[in-house]
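Content type CSV, C-alpha atoms, from the file run13.csv:
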chain,number,residue,atom,x,y,z
D,1,MET,CA,82.7,76.2,137.8
D,2,ASP,CA,84.1,77.4,134.5
D,3,PRO,CA,87.6,75.9,134.3
D,4,ALA,CA,88.8,79.2,132.7
D,5,THR,CA,88.1,81.1,136.0
D,6,GLN,CA,90.7,79.0,137.9
D,7,SER,CA,93.6,81.0,136.5
D,8,GLN,CA,94.1,84.3,134.7
D,9,ARG,CA,97.4,83.2,133.0
D,10,PRO,CA,97.0,83.6,129.3
D,11,LEU,CA,96.7,80.3,127.4
D,12,ILE,CA,99.1,80.4,124.5
D,13,ILE,CA,97.8,79.2,121.1
D,14,GLY,CA,100.5,78.0,118.9
D,15,SER,CA,100.3,78.4,115.1
D,16,ARG,CA,102.3,78.4,112.0
D,17,ALA,CA,103.2,82.0,110.8
D,18,SER,CA,101.6,81.9,107.4
D,19,LYS,CA,98.7,84.3,106.9
D,20,LEU,CA,96.2,81.5,106.5
D,21,ALA,CA,97.5,79.8,109.7
D,22,GLN,CA,97.1,83.1,111.5
D,23,ILE,CA,93.5,83.5,110.3
D,24,GLN,CA,92.8,80.0,111.4
D,25,ALA,CA,94.3,80.5,114.9
D,26,GLU,CA,92.2,83.7,115.2
D,27,ILE,CA,89.1,81.8,114.3
D,28,VAL,CA,89.8,79.4,117.2
D,29,GLU,CA,90.8,82.3,119.6
D,30,ASN,CA,87.6,84.2,118.9
D,31,VAL,CA,85.4,81.2,119.7
D,32,LEU,CA,87.3,80.5,122.9
D,33,LYS,CA,87.1,84.1,124.0
D,34,GLU,CA,83.4,84.1,123.5
D,35,ALA,CA,83.0,80.9,125.4
D,36,HIS,CA,85.4,81.8,128.2
D,37,PRO,CA,85.4,85.6,128.5
D,38,SER,CA,87.4,85.6,131.8
D,39,GLN,CA,90.2,83.6,130.3
D,40,PRO,CA,92.9,85.5,128.3
D,41,PHE,CA,94.4,83.9,125.2
D,42,GLU,CA,97.5,84.8,123.1
D,43,ILE,CA,98.7,83.5,119.8
D,44,LYS,CA,102.3,82.6,119.3
D,45,LEU,CA,103.5,82.2,115.7
D,46,MET,CA,106.4,80.0,114.5
D,47,THR,CA,107.7,78.5,111.3
D,48,SER,CA,107.7,74.8,110.6
D,49,GLU,CA,110.2,72.7,108.6
D,50,GLY,CA,107.7,72.7,105.8
D,51,ASP,CA,107.6,76.5,105.8
D,52,ARG,CA,111.4,76.8,105.8
D,53,ASN,CA,112.0,74.5,102.8
D,54,GLN,CA,110.2,76.2,99.9
D,55,THR,CA,112.3,74.7,97.1
D,56,GLN,CA,112.0,70.9,97.3
D,57,ALA,CA,108.8,69.1,96.2
D,58,LEU,CA,106.6,68.1,99.1
D,59,TYR,CA,106.5,64.6,97.6
D,60,LEU,CA,110.2,64.2,98.5
D,61,LEU,CA,110.2,65.9,101.8
D,62,GLY,CA,108.5,63.2,103.8
D,63,GLY,CA,105.4,63.0,105.9
D,64,LYS,CA,103.0,65.4,107.6
D,65,ALA,CA,105.3,66.0,110.6
D,66,LEU,CA,107.0,68.6,108.5
D,67,TRP,CA,104.1,71.0,109.4
D,68,THR,CA,103.6,69.9,113.0
D,69,LYS,CA,106.7,68.7,114.9
D,70,ASP,CA,108.2,72.1,115.7
D,71,LEU,CA,104.9,73.2,117.2
D,72,GLU,CA,104.5,70.0,119.1
D,73,ALA,CA,108.0,70.4,120.6
D,74,GLU,CA,106.8,73.8,122.0
D,75,LEU,CA,103.6,72.2,123.3
D,76,LEU,CA,105.5,69.4,125.1
D,77,ASN,CA,108.0,71.8,126.7
D,78,GLY,CA,105.1,74.0,128.0
D,79,SER,CA,105.9,77.1,125.8
D,80,ILE,CA,102.4,76.9,124.3
D,81,ASP,CA,99.2,75.3,125.6
D,82,LEU,CA,97.4,74.3,122.4
D,83,ILE,CA,98.0,74.1,118.7
D,84,VAL,CA,95.7,75.0,115.8
D,85,HIS,CA,96.2,72.8,112.8
D,86,CYS,CA,94.7,72.2,109.4
D,87,LEU,CA,93.6,68.7,110.1
D,88,LYS,CA,94.8,67.4,106.7
D,89,ASP,CA,98.4,68.3,107.7
D,90,VAL,CA,98.4,66.4,111.0
D,91,PRO,CA,100.0,62.9,111.1
D,92,THR,CA,97.6,60.1,111.9
D,93,SER,CA,99.8,59.1,114.9
D,94,LEU,CA,100.7,61.9,117.3
D,95,PRO,CA,103.8,62.2,119.4
D,96,GLU,CA,103.7,60.7,122.9
D,97,GLY,CA,102.1,63.2,125.3
D,98,CYS,CA,99.9,64.9,122.7
D,99,GLU,CA,96.3,64.4,121.8
D,100,MET,CA,93.6,65.8,119.4
D,101,SER,CA,91.2,67.5,121.8
D,102,ALA,CA,88.9,69.3,119.4
D,103,ILE,CA,87.8,69.3,115.7
D,104,LEU,CA,85.9,72.2,114.4
D,105,GLU,CA,83.0,72.2,112.0
D,106,ARG,CA,84.3,71.4,108.5
D,107,GLU,CA,83.9,73.8,105.6
D,108,ASP,CA,83.5,72.7,102.0
D,109,PRO,CA,86.3,70.1,101.6
D,110,ARG,CA,86.4,70.3,97.8
D,111,ASP,CA,89.4,71.5,95.8
D,112,THR,CA,89.1,74.2,93.3
D,113,LEU,CA,90.3,75.2,89.8
D,114,VAL,CA,91.9,78.7,89.8
D,115,VAL,CA,92.7,79.9,86.2
D,116,LYS,CA,95.3,82.4,85.4
D,117,GLN,CA,94.0,86.0,85.2
D,118,GLY,CA,93.2,86.9,81.6
D,119,LEU,CA,92.4,83.4,80.4
D,120,SER,CA,88.8,82.3,79.7
D,121,TYR,CA,89.0,78.6,80.6
D,122,THR,CA,86.4,77.4,83.0
D,123,SER,CA,87.2,73.7,83.2
D,124,PHE,CA,90.1,71.3,82.5
D,125,GLU,CA,88.2,70.0,79.4
D,126,GLU,CA,88.6,73.4,77.7
D,127,MET,CA,92.3,73.5,78.1
D,128,PRO,CA,94.6,72.6,75.2
D,129,ALA,CA,97.0,69.7,75.4
D,130,GLY,CA,100.1,70.5,77.4
D,131,SER,CA,98.5,73.2,79.6
D,132,VAL,CA,100.4,73.3,82.9
D,133,ILE,CA,98.5,72.8,86.1
D,134,GLY,CA,100.3,73.9,89.3
D,135,THR,CA,99.9,71.8,92.5
D,136,SER,CA,102.2,70.4,95.1
D,137,SER,CA,99.9,67.5,95.9
D,138,VAL,CA,100.5,64.1,94.4
D,139,ARG,CA,96.9,63.2,95.4
D,140,ARG,CA,95.6,65.9,93.1
D,141,VAL,CA,98.0,65.1,90.3
D,142,ALA,CA,97.3,61.3,90.3
D,143,GLN,CA,93.5,61.7,90.3
D,144,LEU,CA,93.5,64.5,87.7
D,145,ARG,CA,95.9,62.6,85.4
D,146,LYS,CA,93.3,59.8,85.4
D,147,SER,CA,90.6,62.1,83.9
D,148,PHE,CA,92.7,64.6,82.0
D,149,PRO,CA,95.8,62.9,80.5
D,150,HIS,CA,96.3,65.7,78.1
D,151,LEU,CA,97.4,68.1,80.8
D,152,ALA,CA,100.9,68.6,82.3
D,153,PHE,CA,101.5,69.1,86.0
D,154,GLN,CA,104.2,71.1,87.8
D,155,ASP,CA,105.1,71.6,91.4
D,156,VAL,CA,104.3,75.0,92.9
D,157,ARG,CA,105.3,76.0,96.5
D,158,GLY,CA,104.9,79.0,98.7
D,159,ASN,CA,102.0,80.6,100.6
D,160,LEU,CA,98.8,81.3,98.8
D,161,ASN,CA,99.7,84.8,97.8
D,162,THR,CA,103.0,83.6,96.4
D,163,ARG,CA,101.3,80.8,94.4
D,164,LEU,CA,98.7,83.1,93.0
D,165,ALA,CA,101.5,85.6,92.0
D,166,LYS,CA,103.3,82.7,90.2
D,167,LEU,CA,100.1,81.8,88.4
D,168,ASP,CA,99.4,85.3,87.2
D,169,ALA,CA,103.0,86.2,86.2
D,170,GLU,CA,103.0,87.1,82.5
D,171,ASP,CA,106.0,84.8,81.8
D,172,GLY,CA,104.8,82.1,84.3
D,173,PRO,CA,104.3,78.5,83.0
D,174,TYR,CA,100.9,77.9,84.7
D,175,THR,CA,97.5,77.9,83.0
D,176,ALA,CA,95.8,77.2,86.3
D,177,LEU,CA,96.3,76.0,89.9
D,178,VAL,CA,94.4,73.5,92.0
D,179,LEU,CA,93.9,74.8,95.5
D,180,ALA,CA,91.7,73.9,98.5
D,181,GLY,CA,88.6,76.0,98.4
D,182,ALA,CA,88.4,76.4,102.2
D,183,GLY,CA,91.8,78.1,102.3
D,184,LEU,CA,90.9,80.5,99.5
D,185,GLU,CA,87.7,81.5,101.3
D,186,ARG,CA,89.4,82.0,104.7
D,187,LEU,CA,91.9,84.3,103.0
D,188,GLY,CA,89.2,86.3,101.2
D,189,PHE,CA,90.1,84.9,97.7
D,190,LYS,CA,86.8,83.3,96.9
D,191,ASN,CA,86.5,85.5,93.8
D,192,ARG,CA,89.5,83.7,92.4
D,193,ILE,CA,87.7,80.3,92.3
D,194,THR,CA,86.9,79.4,88.7
D,195,SER,CA,85.1,76.2,89.6
D,196,TYR,CA,84.9,73.6,92.3
D,197,ILE,CA,86.2,70.1,91.6
D,198,SER,CA,83.9,67.4,93.1
D,199,PRO,CA,84.2,63.6,93.4
D,200,PRO,CA,84.5,61.4,91.5
D,201,VAL,CA,86.8,63.7,89.5
D,202,LEU,CA,88.8,64.7,92.5
D,203,TYR,CA,88.4,63.3,96.0
D,204,PRO,CA,89.6,65.6,98.9
D,205,ALA,CA,92.4,64.8,101.3
D,206,VAL,CA,91.7,63.2,104.7
D,207,GLY,CA,90.6,65.9,107.1
D,208,GLN,CA,90.5,68.6,104.4
D,209,ALA,CA,88.8,71.9,105.3
D,210,ALA,CA,88.6,71.0,109.1
D,211,LEU,CA,90.6,72.7,111.8
D,212,ALA,CA,91.8,70.8,114.8
D,213,VAL,CA,93.3,71.6,118.2
D,214,GLU,CA,96.1,69.6,119.7
D,215,THR,CA,96.9,69.7,123.5
D,216,ARG,CA,99.0,67.9,126.0
D,217,ILE,CA,97.7,64.7,127.5
D,218,GLY,CA,96.8,65.2,131.1
D,219,ASP,CA,96.2,68.9,130.8
D,220,SER,CA,92.5,68.6,131.8
D,221,LYS,CA,92.0,72.4,132.1
D,222,VAL,CA,92.9,73.1,128.6
D,223,THR,CA,91.2,70.0,127.3
D,224,GLU,CA,87.9,71.1,128.9
D,225,ILE,CA,88.3,74.7,127.7
D,226,VAL,CA,88.8,73.7,124.0
D,227,SER,CA,86.0,71.1,124.1
D,228,VAL,CA,83.5,73.8,123.2
D,229,LEU,CA,85.1,73.9,119.7
D,230,THR,CA,84.2,70.3,118.7
D,231,HIS,CA,81.6,69.7,116.0
D,232,TRP,CA,80.8,66.1,116.6
D,233,GLN,CA,79.6,65.3,113.1
D,234,THR,CA,82.9,66.6,111.6
D,235,GLN,CA,84.8,64.8,114.4
D,236,TRP,CA,83.2,61.4,113.6
D,237,GLN,CA,83.7,61.8,109.9
D,238,CYS,CA,87.3,63.0,110.1
D,239,LEU,CA,88.3,60.3,112.7
D,240,ALA,CA,86.9,57.7,110.3
D,241,GLU,CA,89.0,59.1,107.5
D,242,ARG,CA,92.1,59.3,109.7
D,243,ALA,CA,91.6,55.7,110.8
D,244,CYS,CA,91.5,54.6,107.2
D,245,LEU,CA,94.7,56.6,106.3
D,246,ARG,CA,96.5,55.2,109.4
D,247,VAL,CA,96.0,51.7,108.1
D,248,LEU,CA,97.1,52.6,104.6
D,249,GLU,CA,100.1,54.4,106.1
D,250,GLY,CA,99.6,57.3,103.7
D,251,GLY,CA,101.4,60.6,104.4
D,252,CYS,CA,100.9,64.2,103.3
D,253,SER,CA,102.1,63.3,99.8
D,254,VAL,CA,100.3,60.1,99.1
D,255,PRO,CA,97.3,60.0,96.6
D,256,VAL,CA,94.6,58.9,99.1
D,257,GLY,CA,91.3,60.7,98.7
D,258,VAL,CA,88.1,60.5,100.6
D,259,ASP,CA,84.4,61.6,100.5
D,260,THR,CA,82.4,61.3,103.7
D,261,THR,CA,78.9,62.1,104.8
D,262,LEU,CA,77.2,61.7,108.1
D,263,THR,CA,73.4,62.0,108.4
D,264,GLY,CA,71.2,61.9,111.5
D,265,ASN,CA,71.6,63.1,115.1
D,266,LYS,CA,73.2,61.0,117.8
D,267,ASP,CA,70.8,62.4,120.4
D,268,SER,CA,67.6,61.6,118.4
D,269,GLY,CA,67.5,57.9,119.4
D,270,VAL,CA,68.2,56.9,115.8
D,271,SER,CA,71.8,56.0,114.9
D,272,PRO,CA,73.6,58.4,112.6
D,273,ARG,CA,74.5,56.9,109.2
D,274,LEU,CA,78.1,57.2,108.0
D,275,LYS,CA,79.0,56.9,104.3
D,276,ILE,CA,82.7,57.0,103.4
D,277,THR,CA,84.4,56.4,100.1
D,278,GLY,CA,88.2,56.0,99.9
D,279,THR,CA,90.4,56.1,96.9
D,280,VAL,CA,94.1,55.3,96.1
D,281,THR,CA,95.5,56.3,92.7
D,282,SER,CA,98.8,55.5,91.0
D,283,LEU,CA,101.1,58.4,90.2
D,284,ASP,CA,100.5,58.0,86.5
D,285,GLY,CA,96.7,58.0,87.0
D,286,LEU,CA,96.4,54.7,85.2
D,287,THR,CA,95.4,52.6,88.3
D,288,HIS,CA,92.7,53.7,90.6
D,289,VAL,CA,91.1,51.8,93.5
D,290,ALA,CA,87.9,52.9,95.3
D,291,ALA,CA,85.7,51.4,97.9
D,292,THR,CA,82.7,52.6,99.9
D,293,ILE,CA,81.2,51.6,103.2
D,294,GLU,CA,77.8,52.9,104.5
D,295,GLU,CA,76.4,51.9,107.9
D,296,ASP,CA,74.9,53.1,111.1
D,297,ILE,CA,77.3,54.2,113.9
D,298,ASN,CA,76.9,55.2,117.5
D,299,SER,CA,80.3,56.4,118.6
D,300,ILE,CA,83.8,57.6,117.6
D,301,GLU,CA,85.0,54.0,118.1
D,302,ASP,CA,82.4,52.9,115.5
D,303,ALA,CA,83.5,55.5,113.1
D,304,GLU,CA,87.1,54.6,113.4
D,305,ALA,CA,86.2,50.9,113.0
D,306,VAL,CA,84.5,51.7,109.7
D,307,GLY,CA,87.6,53.6,108.5
D,308,ARG,CA,89.8,50.7,109.3
D,309,ARG,CA,87.6,48.3,107.4
D,310,LEU,CA,87.5,50.7,104.4
D,311,ALA,CA,91.3,50.6,104.4
D,312,GLU,CA,91.4,46.9,104.4
D,313,GLU,CA,88.9,46.8,101.5
D,314,LEU,CA,91.1,49.2,99.5
D,315,LYS,CA,94.3,47.1,100.3
D,316,ALA,CA,92.5,44.0,99.1
D,317,SER,CA,91.5,45.7,95.9
D,318,GLY,CA,95.1,46.7,95.0
D,319,ALA,CA,95.9,49.8,97.1
D,320,ASP,CA,98.8,48.0,98.7
D,321,ALA,CA,100.6,47.5,95.4
D,322,ILE,CA,100.0,51.2,94.4
D,323,LEU,CA,101.4,52.5,97.7
D,324,GLU,CA,104.4,50.2,97.5
D,325,ASP,CA,105.2,51.5,94.0
D,326,ILE,CA,104.9,55.1,95.3
D,327,LYS,CA,107.4,54.3,98.1
D,328,LYS,CA,109.9,53.0,95.6
D,329,ASP,CA,109.4,56.0,93.3
D,330,ARG,CA,109.9,58.4,96.1
D,331,ALA,CA,113.1,56.6,97.2
D,332,ALA,CA,114.5,56.7,93.7
D,333,LYS,CA,113.7,60.4,93.3
D,334,ARG,CA,115.3,61.3,96.6
D,335,GLN,CA,118.4,59.5,95.6
D,336,THR,CA,118.5,61.4,92.3
D,337,THR,CA,117.8,64.7,94.0
D,338,THR,CA,120.6,64.3,96.6
D,339,SER,CA,123.1,63.5,93.8
D,340,SER,CA,121.9,66.4,91.6
D,341,PRO,CA,122.7,70.1,91.9
D,342,ALA,CA,119.1,71.0,91.1
D,343,THR,CA,117.0,72.1,94.1
D,344,THR,CA,113.5,71.9,92.7
D,345,THR,CA,111.9,68.6,91.8
D,346,PRO,CA,108.4,68.6,90.2
D,347,SER,CA,105.8,66.5,91.9
D,348,GLN,CA,104.5,63.4,90.2

Is it possible to give me this structure as C-alpha cells?
Amino acid sequence: MDPATQSQRPLIIGSRASKLAQIQAEIVENVLKEAHPSQPFEIKLMTSEGDRNQTQALYLLGGKALWTKDLEAELLNGSIDLIVHCLKDVPTSLPEGCEMSAILEREDPRDTLVVKQGLSYTSFEEMPAGSVIGTSSVRRVAQLRKSFPHLAFQDVRGNLNTRLAKLDAEDGPYTALVLAGAGLERLGFKNRITSYISPPVLYPAVGQAALAVETRIGDSKVTEIVSVLTHWQTQWQCLAERACLRVLEGGCSVPVGVDTTLTGNKDSGVSPRLKITGTVTSLDGLTHVAATIEEDINSIEDAEAVGRRLAEELKASGADAILEDIKKDRAAKRQTTTSSPATTTPSQ
C-alpha cells in the first residue's frame, strides 16, 4: 500500500524564503506530487539566521547551521514534516532527531564567472590588475588567488537578484561575480553566465548543486514517501564528500573543494568506481593541498570510508596546518569586528 494513502493530512515542506529556495522546494514538491498523487503537500517558507544577517561576511558568521537550524527547530517540533536544502549548506553533523532521507540528482556543480553588463571580459586572465571579483566564499577566493594573484576580492551578500544588481550598478566596484551555475540556471539566469570555472582552477564545494531532504528520525511514513527522490549515484558521491569534510571539520566558510565522479551501475554485477579529489587552500592562495582516491565501492558505507581516508591524506599533506591558521584568522577578525563600528567585513 502506498504510504501516502494512509492519511490525507498535508505534509508540510519547510524551505527558506528566498526565491531560489522556493524554486527548489517546488522542484521537490512536484516530484512528490507526481509520485504520490493522493497525498497533499504544502510549502512553508521561513527565514534563517543567515538570511537575516545580510551585512557581516559569511566567513565571520560561523558554520552552516546559520542556514538550517531555524528550519530544523520547526521540523523537530512538528510544525513541518520535511526540509528542502541546498546540500552544500547543510552541516555534516545533523541535530539529534534529524536525518538526511533523500539526495536528488546533482546538476552541474561548477561555479561560474558572471561579468558586469557592458564589459567584454570572458575570463579572469583578460582582466586588468586590481579588478574586483565579488564572492562571499573563502573557498572561491582562496583557490582563485592561487591562479589569479592580480585580482582583488570583495565580499558580496544578498539574494541572487540583489548580487546581480550590485554587480551591474554603474558606480559599483565589481568587475565580475563568481556564482554557482546550478543556482543561476534554476532561477532562469543562465544567460548571465560568462563562462564555467572547472577544476583544477576552482573545485566546487562539498555537495554543491545537489538538493537534499531532511526529516525526523522515526517518521517512517515521510521517510518512505521522500525515498522516491533519491538519485543513488549523487547520494554516494555526496556522502563521500561529506565524510571527508566531517573529518576535516570544515564549515560553510572554509576553503575545502572537491571533484567527484562515480561510474558504473550498482545493479550490474560490477562494482561502481568512485574517484574523488579533495583540496584545501590557504586564505592567501599560496599553500594548496590536494589528494585523490579512486577505487571500487559497493555501498554508502564504502563511499563514506573513501571520503574519510581522503581527509586523512589531506591532513597528512598539510591541510591540518592550513585549517588551524584559518581558525586563528577568523578568531582575530571576529575580535576586530566586535570592537569596530563597521558592520561589513570583506571575506578573505

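Across the structure, atom CA of Glu241 of chain D and atom CA of Val306 of chain D are spaced 8.9 Å apart.
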
Could you jot down the atom CA of Leu248 of chain D to atom CA of Trp236 of chain D separation for me, Å, one decimal place?
18.8 Å

Scan for residues within 8 Å of the point (94.4, 54.7, 98.4) in the coordinates of the file, using all atoms listed in the file, and reply as a tab-separated table (two decimals) with C-alpha atoms, keeping the file's coordinate frame.
chain	number	residue	atom	x	y	z
D	248	LEU	CA	97.10	52.60	104.60
D	250	GLY	CA	99.60	57.30	103.70
D	255	PRO	CA	97.30	60.00	96.60
D	256	VAL	CA	94.60	58.90	99.10
D	257	GLY	CA	91.30	60.70	98.70
D	278	GLY	CA	88.20	56.00	99.90
D	279	THR	CA	90.40	56.10	96.90
D	280	VAL	CA	94.10	55.30	96.10
D	281	THR	CA	95.50	56.30	92.70
D	289	VAL	CA	91.10	51.80	93.50
D	290	ALA	CA	87.90	52.90	95.30
D	311	ALA	CA	91.30	50.60	104.40
D	314	LEU	CA	91.10	49.20	99.50
D	315	LYS	CA	94.30	47.10	100.30
D	319	ALA	CA	95.90	49.80	97.10
D	322	ILE	CA	100.00	51.20	94.40
D	323	LEU	CA	101.40	52.50	97.70

Find, counting only C-alpha atoms, the residue in D:Ala176, D:Leu283, D:Ile300, D:Ile80 that gets nearest to Leu119 of chain D.
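That would be D:Ala176, the residue with the smallest distance to Leu119 of chain D.
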
Quick one: pull the distance between atom CA of Gly207 of chain D and atom CA of Gly307 of chain D, Å, one decimal.
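One can read the atom CA of Gly207 of chain D to atom CA of Gly307 of chain D distance as 12.7 Å.
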
Local residues around (108.6, 68.7, 127.3), at most 12 Å away, using all atoms listed in the file, as a list in words:
Leu71, Glu72, Ala73, Glu74, Leu75, Leu76, Asn77, Gly78, Ser79, Ile80, Asp81, Pro95, Glu96, Gly97, Cys98, Arg216 and Ile217 of chain D

Residue among D:Ser136, D:Thr68, D:Ser131, D:Thr277 lying closest to Ala180 of chain D, counting only C-alpha atoms
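The shortest atom-to-atom distance to Ala180 of chain D comes from D:Ser136.
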
Non-local contacts of Gln233 of chain D (12 Å; only C-alpha atoms; under 2 positions in same chain excluded) as a PyMOL selection string
chain D and resi 102-106+210+230-231+235-240+260-267+272-274+297-300+303

Which one is closest to Glu170 of chain D: D:Ala321, D:Lys88, D:Lys116, D:Thr336? Count all atoms listed in the file.
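Closest candidate: D:Lys116.
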
Polymer residues at most 12 Å from Val222 of chain D, all atoms listed in the file, same-chain spacing of 2 or more positions, as an NGL selection string:
:D and (2-7 or 9-13 or 32 or 36 or 39 or 41 or 75 or 80-83 or 99-102 or 213-220 or 224-229)

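If only C-alpha atoms are the atoms counted, then among D:Ile326, D:Ala21, D:Val115, D:Val132 the closest residue to His150 of chain D is D:Val132.
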
Name the closest residue to Gly134 of chain D among the candidates D:Arg16, D:Arg309, D:Lys44, D:Arg157; distances are taken between atoms, counting only C-alpha atoms.
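So, comparing all the options, the nearest one is D:Arg157.
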
Contacts of Arg192 of chain D within 10 Å, all atoms listed in the file, excl. fewer than 5 positions in-chain, as a list in words:
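Returned residues: Thr112, Leu113, Val114, Val115, Lys116, Gln117, Leu164, Gly181, Leu184 and Glu185 of chain D.
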
Just to be explicit: take each residue in the selection above, keep C-alpha atoms, and write the result as a PDB file, in the frame of the given file.
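Result file follows (out09.pdb):
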ATOM      1  CA  THR D 112      89.100  74.200  93.300  1.00  0.00           C
ATOM      2  CA  LEU D 113      90.300  75.200  89.800  1.00  0.00           C
ATOM      3  CA  VAL D 114      91.900  78.700  89.800  1.00  0.00           C
ATOM      4  CA  VAL D 115      92.700  79.900  86.200  1.00  0.00           C
ATOM      5  CA  LYS D 116      95.300  82.400  85.400  1.00  0.00           C
ATOM      6  CA  GLN D 117      94.000  86.000  85.200  1.00  0.00           C
ATOM      7  CA  LEU D 164      98.700  83.100  93.000  1.00  0.00           C
ATOM      8  CA  GLY D 181      88.600  76.000  98.400  1.00  0.00           C
ATOM      9  CA  LEU D 184      90.900  80.500  99.500  1.00  0.00           C
ATOM     10  CA  GLU D 185      87.700  81.500 101.300  1.00  0.00           C
TER      11      GLU D 185
END
